[in-house]
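Asks: Dropping in target.pdb, with PDB, C-alpha atoms.
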```pdb
ATOM      1  CA  MET R   1       0.000   0.000   0.000  1.00  0.00           C
ATOM      2  CA  ARG R   2       2.847   2.381   0.787  1.00  0.00           C
ATOM      3  CA  LEU R   3       4.286   1.782  -2.703  1.00  0.00           C
ATOM      4  CA  LEU R   4       0.897   2.520  -4.246  1.00  0.00           C
ATOM      5  CA  GLU R   5       0.591   5.802  -2.350  1.00  0.00           C
ATOM      6  CA  THR R   6       4.182   6.761  -3.179  1.00  0.00           C
ATOM      7  CA  ASN R   7       3.575   6.242  -6.885  1.00  0.00           C
ATOM      8  CA  LEU R   8       0.234   8.042  -6.876  1.00  0.00           C
ATOM      9  CA  VAL R   9       2.039  11.094  -5.500  1.00  0.00           C
ATOM     10  CA  ALA R  10       4.982  10.689  -7.935  1.00  0.00           C
ATOM     11  CA  LEU R  11       2.591  10.471 -10.912  1.00  0.00           C
ATOM     12  CA  GLY R  12       0.797  13.644  -9.873  1.00  0.00           C
ATOM     13  CA  HIS R  13      -2.550  12.065  -8.872  1.00  0.00           C
ATOM     14  CA  ALA R  14      -2.089  13.238  -5.294  1.00  0.00           C
ATOM     15  CA  THR R  15       0.173  15.441  -3.204  1.00  0.00           C
ATOM     16  CA  THR R  16       1.710  14.905   0.194  1.00  0.00           C
ATOM     17  CA  ALA R  17      -0.576  17.694   1.370  1.00  0.00           C
ATOM     18  CA  ASN R  18      -3.758  15.692   0.680  1.00  0.00           C
ATOM     19  CA  LEU R  19      -2.411  12.115   0.859  1.00  0.00           C
ATOM     20  CA  THR R  20      -0.306  10.813   3.712  1.00  0.00           C
ATOM     21  CA  VAL R  21       2.022   8.045   2.545  1.00  0.00           C
ATOM     22  CA  ASP R  22       1.565   5.732   5.519  1.00  0.00           C
ATOM     23  CA  GLY R  23       0.433   2.413   4.040  1.00  0.00           C
ATOM     24  CA  ARG R  24      -3.216   2.902   5.052  1.00  0.00           C
ATOM     25  CA  PHE R  25      -6.032   2.922   2.465  1.00  0.00           C
ATOM     26  CA  THR R  26      -7.941   6.042   3.376  1.00  0.00           C
ATOM     27  CA  GLY R  27     -10.445   8.279   1.670  1.00  0.00           C
ATOM     28  CA  ALA R  28      -7.533  10.269   0.258  1.00  0.00           C
ATOM     29  CA  THR R  29      -6.057   7.072  -1.211  1.00  0.00           C
ATOM     30  CA  TYR R  30      -9.452   6.187  -2.685  1.00  0.00           C
ATOM     31  CA  ALA R  31      -9.734   9.619  -4.325  1.00  0.00           C
ATOM     32  CA  ALA R  32      -6.182   9.418  -5.729  1.00  0.00           C
ATOM     33  CA  VAL R  33      -6.860   5.968  -7.202  1.00  0.00           C
ATOM     34  CA  ARG R  34      -9.962   7.329  -8.916  1.00  0.00           C
ATOM     35  CA  ARG R  35      -7.962  10.217 -10.382  1.00  0.00           C
ATOM     36  CA  TRP R  36      -5.351   7.739 -11.689  1.00  0.00           C
ATOM     37  CA  GLN R  37      -8.056   5.499 -13.182  1.00  0.00           C
ATOM     38  CA  ARG R  38      -9.732   8.439 -14.869  1.00  0.00           C
ATOM     39  CA  ALA R  39      -6.436   9.718 -16.299  1.00  0.00           C
ATOM     40  CA  THR R  40      -5.570   6.284 -17.719  1.00  0.00           C
ATOM     41  CA  HIS R  41      -9.068   5.638 -19.147  1.00  0.00           C
ATOM     42  CA  GLN R  42      -9.930   2.786 -16.780  1.00  0.00           C
ATOM     43  CA  PRO R  43     -13.251   2.124 -15.091  1.00  0.00           C
ATOM     44  CA  VAL R  44     -13.333   4.654 -12.245  1.00  0.00           C
ATOM     45  CA  THR R  45     -14.062   2.544  -9.166  1.00  0.00           C
ATOM     46  CA  GLY R  46     -11.487   3.638  -6.611  1.00  0.00           C
ATOM     47  CA  ARG R  47     -10.624  -0.036  -6.133  1.00  0.00           C
ATOM     48  CA  LEU R  48      -7.660  -2.157  -7.273  1.00  0.00           C
ATOM     49  CA  GLU R  49      -7.859  -5.865  -7.787  1.00  0.00           C
ATOM     50  CA  LEU R  50      -4.946  -7.905  -6.423  1.00  0.00           C
ATOM     51  CA  GLY R  51      -2.272  -8.220  -9.123  1.00  0.00           C
ATOM     52  CA  SER R  52      -3.616  -5.385 -11.272  1.00  0.00           C
ATOM     53  CA  VAL R  53      -0.592  -3.197 -10.432  1.00  0.00           C
ATOM     54  CA  VAL R  54       3.051  -4.282 -10.533  1.00  0.00           C
ATOM     55  CA  PHE R  55       5.858  -2.350  -8.877  1.00  0.00           C
ATOM     56  CA  GLN R  56       9.502  -2.337  -9.964  1.00  0.00           C
ATOM     57  CA  PRO R  57      12.180  -2.226  -7.228  1.00  0.00           C
ATOM     58  CA  GLY R  58      13.727   0.880  -8.797  1.00  0.00           C
ATOM     59  CA  ARG R  59      13.806   3.205 -11.805  1.00  0.00           C
ATOM     60  CA  LEU R  60      13.368   1.572 -15.204  1.00  0.00           C
ATOM     61  CA  ARG R  61      14.193   2.821 -18.683  1.00  0.00           C
ATOM     62  CA  VAL R  62      11.462   1.574 -21.013  1.00  0.00           C
ATOM     63  CA  ALA R  63      13.032  -0.114 -24.039  1.00  0.00           C
ATOM     64  CA  ASP R  64       9.962  -1.614 -25.702  1.00  0.00           C
ATOM     65  CA  LEU R  65       6.197  -1.825 -25.239  1.00  0.00           C
ATOM     66  CA  ALA R  66       4.382  -5.024 -26.102  1.00  0.00           C
ATOM     67  CA  VAL R  67       0.996  -3.281 -26.058  1.00  0.00           C
ATOM     68  CA  LYS R  68      -0.443   0.107 -26.908  1.00  0.00           C
ATOM     69  CA  ALA R  69      -2.530   2.268 -24.637  1.00  0.00           C
ATOM     70  CA  GLY R  70      -6.045   0.855 -24.537  1.00  0.00           C
ATOM     71  CA  GLY R  71      -4.998  -2.469 -26.059  1.00  0.00           C
ATOM     72  CA  ARG R  72      -5.243  -5.927 -24.561  1.00  0.00           C
ATOM     73  CA  THR R  73      -2.301  -7.462 -22.776  1.00  0.00           C
ATOM     74  CA  PRO R  74      -0.711 -10.406 -24.595  1.00  0.00           C
ATOM     75  CA  GLY R  75      -0.699 -12.555 -21.473  1.00  0.00           C
ATOM     76  CA  ASP R  76       3.040 -12.381 -20.859  1.00  0.00           C
ATOM     77  CA  ALA R  77       5.455  -9.430 -21.043  1.00  0.00           C
ATOM     78  CA  VAL R  78       3.858  -5.997 -21.266  1.00  0.00           C
ATOM     79  CA  VAL R  79       7.013  -3.892 -21.174  1.00  0.00           C
ATOM     80  CA  SER R  80      10.730  -4.525 -21.387  1.00  0.00           C
ATOM     81  CA  GLY R  81      13.298  -2.178 -19.994  1.00  0.00           C
ATOM     82  CA  THR R  82      16.843  -1.591 -18.882  1.00  0.00           C
ATOM     83  CA  SER R  83      18.647   0.205 -16.097  1.00  0.00           C
ATOM     84  CA  THR R  84      18.640   4.001 -16.163  1.00  0.00           C
ATOM     85  CA  THR R  85      22.427   3.973 -15.687  1.00  0.00           C
ATOM     86  CA  VAL R  86      24.232   4.824 -18.939  1.00  0.00           C
ATOM     87  CA  VAL R  87      27.023   2.389 -19.759  1.00  0.00           C
ATOM     88  CA  VAL R  88      29.439   1.636 -22.587  1.00  0.00           C
ATOM     89  CA  LEU R  89      29.641  -1.956 -23.811  1.00  0.00           C
ATOM     90  CA  LEU R  90      33.091  -3.128 -24.885  1.00  0.00           C
ATOM     91  CA  ALA R  91      34.313  -6.178 -26.761  1.00  0.00           C
ATOM     92  CA  ILE R  92      37.968  -6.553 -25.787  1.00  0.00           C
ATOM     93  CA  PRO R  93      40.032  -8.764 -28.123  1.00  0.00           C
ATOM     94  CA  VAL R  94      41.535 -11.687 -26.222  1.00  0.00           C
ATOM     95  CA  THR R  95      45.010 -10.433 -27.137  1.00  0.00           C
ATOM     96  CA  ASP R  96      44.362  -7.198 -25.185  1.00  0.00           C
ATOM     97  CA  THR R  97      42.626  -8.530 -22.074  1.00  0.00           C
ATOM     98  CA  HIS R  98      45.814  -8.067 -20.034  1.00  0.00           C
ATOM     99  CA  LEU R  99      45.421  -4.310 -20.502  1.00  0.00           C
ATOM    100  CA  VAL R 100      41.961  -4.016 -18.909  1.00  0.00           C
ATOM    101  CA  HIS R 101      41.048  -4.849 -15.310  1.00  0.00           C
ATOM    102  CA  LEU R 102      37.903  -4.598 -13.226  1.00  0.00           C
ATOM    103  CA  HIS R 103      37.539  -1.142 -11.600  1.00  0.00           C
ATOM    104  CA  ASP R 104      40.099   0.444 -13.969  1.00  0.00           C
ATOM    105  CA  ALA R 105      39.596   4.160 -14.579  1.00  0.00           C
ATOM    106  CA  VAL R 106      39.145   5.011 -18.262  1.00  0.00           C
ATOM    107  CA  THR R 107      38.413   8.023 -20.444  1.00  0.00           C
ATOM    108  CA  VAL R 108      35.445   7.917 -22.809  1.00  0.00           C
ATOM    109  CA  THR R 109      35.363  10.215 -25.846  1.00  0.00           C
ATOM    110  CA  MET R 110      31.767  10.975 -26.784  1.00  0.00           C
ATOM    111  CA  PRO R 111      30.526  11.383 -30.400  1.00  0.00           C
ATOM    112  CA  GLY R 112      30.774  15.171 -30.076  1.00  0.00           C
ATOM    113  CA  GLY R 113      34.403  15.036 -28.891  1.00  0.00           C
ATOM    114  CA  GLU R 114      33.706  15.588 -25.177  1.00  0.00           C
ATOM    115  CA  THR R 115      35.779  13.404 -22.841  1.00  0.00           C
ATOM    116  CA  VAL R 116      34.084  11.830 -19.832  1.00  0.00           C
ATOM    117  CA  PRO R 117      35.662   9.818 -17.006  1.00  0.00           C
ATOM    118  CA  GLY R 118      34.450   6.252 -16.590  1.00  0.00           C
ATOM    119  CA  ARG R 119      35.226   3.035 -14.780  1.00  0.00           C
ATOM    120  CA  VAL R 120      35.184  -0.642 -15.736  1.00  0.00           C
ATOM    121  CA  THR R 121      32.312  -2.012 -13.643  1.00  0.00           C
ATOM    122  CA  GLU R 122      31.887  -5.428 -15.273  1.00  0.00           C
ATOM    123  CA  LEU R 123      34.455  -7.691 -16.912  1.00  0.00           C
ATOM    124  CA  SER R 124      33.578 -11.171 -18.105  1.00  0.00           C
ATOM    125  CA  THR R 125      35.907 -14.114 -17.603  1.00  0.00           C
ATOM    126  CA  VAL R 126      34.548 -15.889 -20.676  1.00  0.00           C
ATOM    127  CA  ALA R 127      35.472 -15.030 -24.267  1.00  0.00           C
ATOM    128  CA  THR R 128      32.851 -15.075 -27.012  1.00  0.00           C
ATOM    129  CA  ALA R 129      33.249 -15.897 -30.691  1.00  0.00           C
ATOM    130  CA  PRO R 130      33.146 -12.998 -33.172  1.00  0.00           C
ATOM    131  CA  THR R 131      29.727 -12.149 -34.583  1.00  0.00           C
ATOM    132  CA  GLU R 132      28.944 -11.584 -38.259  1.00  0.00           C
ATOM    133  CA  THR R 133      29.190  -7.845 -37.597  1.00  0.00           C
ATOM    134  CA  ASP R 134      32.648  -8.287 -36.076  1.00  0.00           C
ATOM    135  CA  LEU R 135      33.777 -10.387 -39.020  1.00  0.00           C
ATOM    136  CA  GLY R 136      32.505  -7.736 -41.415  1.00  0.00           C
ATOM    137  CA  ARG R 137      34.689  -5.181 -39.623  1.00  0.00           C
ATOM    138  CA  GLY R 138      37.735  -7.421 -39.858  1.00  0.00           C
ATOM    139  CA  ASN R 139      37.641  -8.502 -36.191  1.00  0.00           C
ATOM    140  CA  GLN R 140      38.287 -12.232 -36.343  1.00  0.00           C
ATOM    141  CA  LEU R 141      39.488 -12.829 -32.770  1.00  0.00           C
ATOM    142  CA  PRO R 142      37.264 -13.888 -29.852  1.00  0.00           C
ATOM    143  CA  SER R 143      36.544 -11.069 -27.429  1.00  0.00           C
ATOM    144  CA  VAL R 144      35.732 -10.571 -23.763  1.00  0.00           C
ATOM    145  CA  PRO R 145      32.660  -8.437 -22.909  1.00  0.00           C
ATOM    146  CA  ALA R 146      33.160  -5.537 -20.511  1.00  0.00           C
ATOM    147  CA  THR R 147      31.012  -2.703 -19.216  1.00  0.00           C
ATOM    148  CA  VAL R 148      32.134   0.864 -18.509  1.00  0.00           C
ATOM    149  CA  THR R 149      29.940   3.131 -16.371  1.00  0.00           C
ATOM    150  CA  LEU R 150      30.190   6.858 -17.083  1.00  0.00           C
ATOM    151  CA  GLY R 151      31.223   9.123 -14.234  1.00  0.00           C
ATOM    152  CA  ARG R 152      28.940  11.887 -15.543  1.00  0.00           C
ATOM    153  CA  GLN R 153      25.675  10.339 -16.647  1.00  0.00           C
ATOM    154  CA  ILE R 154      24.311  13.610 -18.037  1.00  0.00           C
ATOM    155  CA  ALA R 155      27.047  13.552 -20.710  1.00  0.00           C
ATOM    156  CA  ALA R 156      25.185  10.749 -22.512  1.00  0.00           C
ATOM    157  CA  ALA R 157      21.723  12.303 -22.312  1.00  0.00           C
ATOM    158  CA  GLY R 158      19.832  11.643 -25.527  1.00  0.00           C
ATOM    159  CA  LEU R 159      22.316   9.045 -26.800  1.00  0.00           C
ATOM    160  CA  ASP R 160      21.376   5.441 -27.499  1.00  0.00           C
ATOM    161  CA  GLN R 161      23.781   2.901 -29.032  1.00  0.00           C
ATOM    162  CA  ALA R 162      26.119   5.712 -30.070  1.00  0.00           C
ATOM    163  CA  PRO R 163      29.727   4.867 -31.017  1.00  0.00           C
ATOM    164  CA  VAL R 164      32.331   6.102 -28.523  1.00  0.00           C
ATOM    165  CA  GLU R 165      36.074   5.691 -27.984  1.00  0.00           C
ATOM    166  CA  VAL R 166      37.433   4.297 -24.715  1.00  0.00           C
ATOM    167  CA  GLN R 167      41.005   4.987 -23.617  1.00  0.00           C
ATOM    168  CA  VAL R 168      42.581   2.798 -20.947  1.00  0.00           C
ATOM    169  CA  ALA R 169      45.641   4.024 -19.031  1.00  0.00           C
ATOM    170  CA  THR R 170      47.984   1.030 -18.709  1.00  0.00           C
ATOM    171  CA  ALA R 171      50.647   2.947 -16.731  1.00  0.00           C
ATOM    172  CA  SER R 172      51.031   6.314 -15.015  1.00  0.00           C
ATOM    173  CA  ALA R 173      53.782   8.597 -13.745  1.00  0.00           C
ATOM    174  CA  ALA R 174      53.680  11.587 -11.424  1.00  0.00           C
ATOM    175  CA  ASN R 175      55.923  14.659 -11.077  1.00  0.00           C
ATOM    176  CA  VAL R 176      57.666  14.153 -14.416  1.00  0.00           C
ATOM    177  CA  LEU R 177      58.799  16.479 -17.196  1.00  0.00           C
ATOM    178  CA  ALA R 178      56.781  16.230 -20.406  1.00  0.00           C
ATOM    179  CA  VAL R 179      57.148  17.800 -23.830  1.00  0.00           C
ATOM    180  CA  PRO R 180      55.141  17.624 -27.071  1.00  0.00           C
ATOM    181  CA  ILE R 181      55.867  14.369 -28.887  1.00  0.00           C
ATOM    182  CA  THR R 182      56.724  16.322 -32.039  1.00  0.00           C
ATOM    183  CA  ALA R 183      59.622  18.003 -30.177  1.00  0.00           C
ATOM    184  CA  LEU R 184      61.573  14.728 -30.107  1.00  0.00           C
ATOM    185  CA  VAL R 185      64.470  14.504 -32.561  1.00  0.00           C
ATOM    186  CA  ALA R 186      65.978  11.182 -33.652  1.00  0.00           C
ATOM    187  CA  LEU R 187      69.755  11.191 -33.061  1.00  0.00           C
ATOM    188  CA  ALA R 188      72.183   9.826 -35.644  1.00  0.00           C
ATOM    189  CA  GLY R 189      73.776   7.453 -33.123  1.00  0.00           C
ATOM    190  CA  GLY R 190      70.415   6.223 -31.849  1.00  0.00           C
ATOM    191  CA  GLY R 191      68.062   7.546 -29.195  1.00  0.00           C
ATOM    192  CA  TYR R 192      66.317  10.888 -29.026  1.00  0.00           C
ATOM    193  CA  GLY R 193      67.052  14.488 -28.223  1.00  0.00           C
ATOM    194  CA  LEU R 194      65.477  17.921 -27.875  1.00  0.00           C
ATOM    195  CA  TYR R 195      66.495  21.336 -29.083  1.00  0.00           C
ATOM    196  CA  LEU R 196      66.534  23.676 -26.084  1.00  0.00           C
ATOM    197  CA  LEU R 197      65.946  27.387 -26.736  1.00  0.00           C
ATOM    198  CA  ASP R 198      67.558  29.043 -23.729  1.00  0.00           C
ATOM    199  CA  GLY R 199      69.373  32.019 -25.167  1.00  0.00           C
ATOM    200  CA  GLY R 200      70.528  29.926 -28.064  1.00  0.00           C
ATOM    201  CA  ARG R 201      69.760  26.608 -29.660  1.00  0.00           C
ATOM    202  CA  ARG R 202      71.413  23.459 -28.364  1.00  0.00           C
ATOM    203  CA  LEU R 203      70.656  19.785 -28.738  1.00  0.00           C
ATOM    204  CA  VAL R 204      70.451  17.623 -25.597  1.00  0.00           C
ATOM    205  CA  GLY R 205      69.885  13.900 -25.385  1.00  0.00           C
ATOM    206  CA  VAL R 206      66.800  12.669 -23.530  1.00  0.00           C
ATOM    207  CA  GLU R 207      65.258   9.356 -22.597  1.00  0.00           C
ATOM    208  CA  PRO R 208      61.549   9.113 -23.491  1.00  0.00           C
ATOM    209  CA  GLY R 209      59.161   7.594 -20.973  1.00  0.00           C
ATOM    210  CA  LEU R 210      55.390   7.244 -21.019  1.00  0.00           C
ATOM    211  CA  PHE R 211      53.264   8.693 -23.810  1.00  0.00           C
ATOM    212  CA  ALA R 212      49.870  10.357 -23.186  1.00  0.00           C
ATOM    213  CA  ASP R 213      47.880  11.984 -25.976  1.00  0.00           C
ATOM    214  CA  THR R 214      50.257  14.578 -27.502  1.00  0.00           C
ATOM    215  CA  LEU R 215      52.841  14.569 -24.681  1.00  0.00           C
ATOM    216  CA  VAL R 216      55.763  12.329 -23.796  1.00  0.00           C
ATOM    217  CA  GLU R 217      57.655  11.981 -20.529  1.00  0.00           C
ATOM    218  CA  VAL R 218      61.364  12.841 -20.875  1.00  0.00           C
ATOM    219  CA  ARG R 219      64.414  12.456 -18.625  1.00  0.00           C
ATOM    220  CA  GLY R 220      67.723  14.183 -19.220  1.00  0.00           C
ATOM    221  CA  ASP R 221      69.664  17.438 -18.865  1.00  0.00           C
ATOM    222  CA  LEU R 222      66.726  19.842 -18.758  1.00  0.00           C
ATOM    223  CA  ARG R 223      64.593  21.625 -16.196  1.00  0.00           C
ATOM    224  CA  GLU R 224      60.954  22.466 -15.662  1.00  0.00           C
ATOM    225  CA  GLY R 225      59.905  25.547 -17.631  1.00  0.00           C
ATOM    226  CA  ALA R 226      62.602  25.183 -20.282  1.00  0.00           C
ATOM    227  CA  THR R 227      61.597  26.148 -23.823  1.00  0.00           C
ATOM    228  CA  VAL R 228      61.936  23.411 -26.443  1.00  0.00           C
ATOM    229  CA  GLU R 229      61.732  23.681 -30.189  1.00  0.00           C
ATOM    230  CA  VAL R 230      58.586  22.241 -31.738  1.00  0.00           C
ATOM    231  CA  PRO R 231      58.472  22.027 -35.541  1.00  0.00           C
ATOM    232  CA  ALA R 232      55.563  23.848 -37.160  1.00  0.00           C
ATOM    233  CA  ALA R 233      52.697  21.571 -38.182  1.00  0.00           C
TER     234      ALA R 233
END
```
Let me see the file written as structure tokens.
Replies:
Amino acid sequence: MRLLETNLVALGHATTANLTVDGRFTGATYAAVRRWQRATHQPVTGRLELGSVVFQPGRLRVADLAVKAGGRTPGDAVVSGTSTTVVVLLAIPVTDTHLVHLHDAVTVTMPGGETVPGRVTELSTVATAPTETDLGRGNQLPSVPATVTLGRQIAAAGLDQAPVEVQVATASAANVLAVPITALVALAGGGYGLYLLDGGRRLVGVEPGLFADTLVEVRGDLREGATVEVPAA
């Protein structure tokens, strides 16, 4: 009864000012049921037969309706739905499963270019064979299903089955020096260097480290804030 009263208020057929949600069928409950029946084109009786209303344990995103308003129920499923939480479904090739772990933080690039933080919330332990769609795209390896939950759900508002890009950080480094990747110069004797512009132009050898987007970690004879030469694009 409490669930019924809660939903009558949530659907706008009553307010907490005229209906106390206390699990008791009162005159106010009776009046709210009649308003709901009238709004949904049912016989207005103020009564509910046992089993005529079904409650979900939480919010539901309606994916498909088996019947139309005013139609007869088919005798089985009336509605199908999914969670209201927006997720990204991944198919990780078996050769790359060592790169992804449960609870890993990832970055999701949305169709419009916006980047959104996410986290791997489900990771299967069973690989599946490639589908016809996968084969058509040239993906012939089995894959492992994974689910990424977006950190900002509002970023995916209005999207449904949209293609996105997921970036997984396989290593990280803190308090390092980084320069644009295009600043690296291949040395004749092997390795890499940078041209420093500190009152002149001199070449110093560096050891590259981790790469991230357009930057690369470097170690060598240079300091924070130094100006390096970057070729024009």
Asks: Could you pull the residues within 10 Å of range 163-168 of chain R, counting only C-alpha atoms, minus those fewer than 6 positions along the same chain, as JSON, numbers by chain?
Replies: {"R": [88, 89, 90, 99, 100, 101, 104, 105, 106, 107, 108, 109, 110, 111, 112, 113, 115, 116, 117, 118, 119, 120, 148]}
Asks: As a PyMOL selection string, please: the residues near Val228 in chain R (cut-off 6 Å, only C-alpha atoms, same-chain neighbours under 6 positions excluded).
Replies: chain R and resi 195-197
Asks: Please enumerate the residues selected by the PyMOL selection byres ((chain R and resi 29-33) around 9) when evaluated against the supplied file, formatted as a PyMOL selection string.
Replies: chain R and resi 4-5+8-9+13-14+19-21+24-28+34-38+44-48
Asks: Next, dump the selected residues to file, keeping only C-alpha atoms, as an mmCIF file, keeping the file's coordinate frame.
Replies:
```
data_model
loop_
_atom_site.group_PDB
_atom_site.id
_atom_site.type_symbol
_atom_site.label_atom_id
_atom_site.label_comp_id
_atom_site.auth_asym_id
_atom_site.auth_seq_id
_atom_site.Cartn_x
_atom_site.Cartn_y
_atom_site.Cartn_z
ATOM 1 C CA LEU R 4 0.897 2.520 -4.246
ATOM 2 C CA GLU R 5 0.591 5.802 -2.350
ATOM 3 C CA LEU R 8 0.234 8.042 -6.876
ATOM 4 C CA VAL R 9 2.039 11.094 -5.500
ATOM 5 C CA HIS R 13 -2.550 12.065 -8.872
ATOM 6 C CA ALA R 14 -2.089 13.238 -5.294
ATOM 7 C CA LEU R 19 -2.411 12.115 0.859
ATOM 8 C CA THR R 20 -0.306 10.813 3.712
ATOM 9 C CA VAL R 21 2.022 8.045 2.545
ATOM 10 C CA ARG R 24 -3.216 2.902 5.052
ATOM 11 C CA PHE R 25 -6.032 2.922 2.465
ATOM 12 C CA THR R 26 -7.941 6.042 3.376
ATOM 13 C CA GLY R 27 -10.445 8.279 1.670
ATOM 14 C CA ALA R 28 -7.533 10.269 0.258
ATOM 15 C CA ARG R 34 -9.962 7.329 -8.916
ATOM 16 C CA ARG R 35 -7.962 10.217 -10.382
ATOM 17 C CA TRP R 36 -5.351 7.739 -11.689
ATOM 18 C CA GLN R 37 -8.056 5.499 -13.182
ATOM 19 C CA ARG R 38 -9.732 8.439 -14.869
ATOM 20 C CA VAL R 44 -13.333 4.654 -12.245
ATOM 21 C CA THR R 45 -14.062 2.544 -9.166
ATOM 22 C CA GLY R 46 -11.487 3.638 -6.611
ATOM 23 C CA ARG R 47 -10.624 -0.036 -6.133
ATOM 24 C CA LEU R 48 -7.660 -2.157 -7.273
#
```
Asks: Within 8 Å of Gly81 in chain R, counting all atoms listed in the file, which residues qualify if same-chain residues fewer than 5 places away don't, as an MDAnalysis selection string?
Replies: chainID R and resid 60:64
Asks: Please dump the current selection as a short mmCIF file (atom, residue, chain, number, x, y, z; two decimals), in the coordinates of the input; keep C-alpha atoms.
Replies:
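Output (part_27.cif):
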```cif
data_model
loop_
_atom_site.label_atom_id
_atom_site.label_comp_id
_atom_site.auth_asym_id
_atom_site.auth_seq_id
_atom_site.Cartn_x
_atom_site.Cartn_y
_atom_site.Cartn_z
CA LEU R 60 13.37 1.57 -15.20
CA ARG R 61 14.19 2.82 -18.68
CA VAL R 62 11.46 1.57 -21.01
CA ALA R 63 13.03 -0.11 -24.04
CA ASP R 64 9.96 -1.61 -25.70
#
```
Asks: Considering all atoms listed in the file, can you say which of R:Val185, R:Thr16, R:Thr85, R:Gly220 comes closest to Arg59 in chain R?
Replies: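 Selected residue with least distance to Arg59 in chain R: R:Thr85.
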Asks: How many Å lie between CA of Thr6 in chain R and CA of Phe55 in chain R, rounded to one decimal?
Replies: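 These two atoms are separated by 10.9 Å.
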Asks: Carefully work through the PyMOL selection byres ((chain R and resi 204) around 12) for this structure and note down the residues it includes, as a list of chain:residue names.
Replies: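 Evaluating the PyMOL selection byres ((chain R and resi 204) around 12) on this file yields R:Ala183, R:Leu184, R:Val185, R:Ala186, R:Leu187, R:Gly191, R:Tyr192, R:Gly193, R:Leu194, R:Tyr195, R:Leu196, R:Leu197, R:Asp198, R:Arg201, R:Arg202, R:Leu203, R:Gly205, R:Val206, R:Glu207, R:Val218, R:Arg219, R:Gly220, R:Asp221, R:Leu222, R:Arg223, R:Val228, R:Glu229.
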Asks: Which protein, DNA or RNA residues have an atom at most 9 Å from (4.3, -3.3, -18.8), counting all atoms listed in the file? List them as a ChimeraX atom specification.
Replies: /R:54,62,65-67,73,77-80
Asks: Which one of R:Leu11, R:Gln161, R:Val144, R:Ala174 sits closest to Pro93 in chain R if you count all atoms listed in the file?
Replies: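 Ranking R:Leu11, R:Gln161, R:Val144, R:Ala174 by distance to Pro93 in chain R, first place goes to R:Val144.
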Asks: Of the candidates R:Pro43, R:Thr170, R:Ala226, R:Val216, which one gets nearest to His98 in chain R if we count all atoms listed in the file?
Replies: R:Thr170
Asks: One decimal, Å: what's the distance from CA of Gly58 in chain R over to CA of Val87 in chain R, could you say?
Replies: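 Between CA of Gly58 in chain R and CA of Val87 in chain R the gap is 17.3 Å.
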Asks: Nearest to Pro142 in chain R among R:Gly209, R:Gly158, R:Gly12, R:Pro130, with distances taken over all atoms listed in the file: which residue is it?
Replies: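 For Pro142 in chain R, the nearest of the candidates is R:Pro130.
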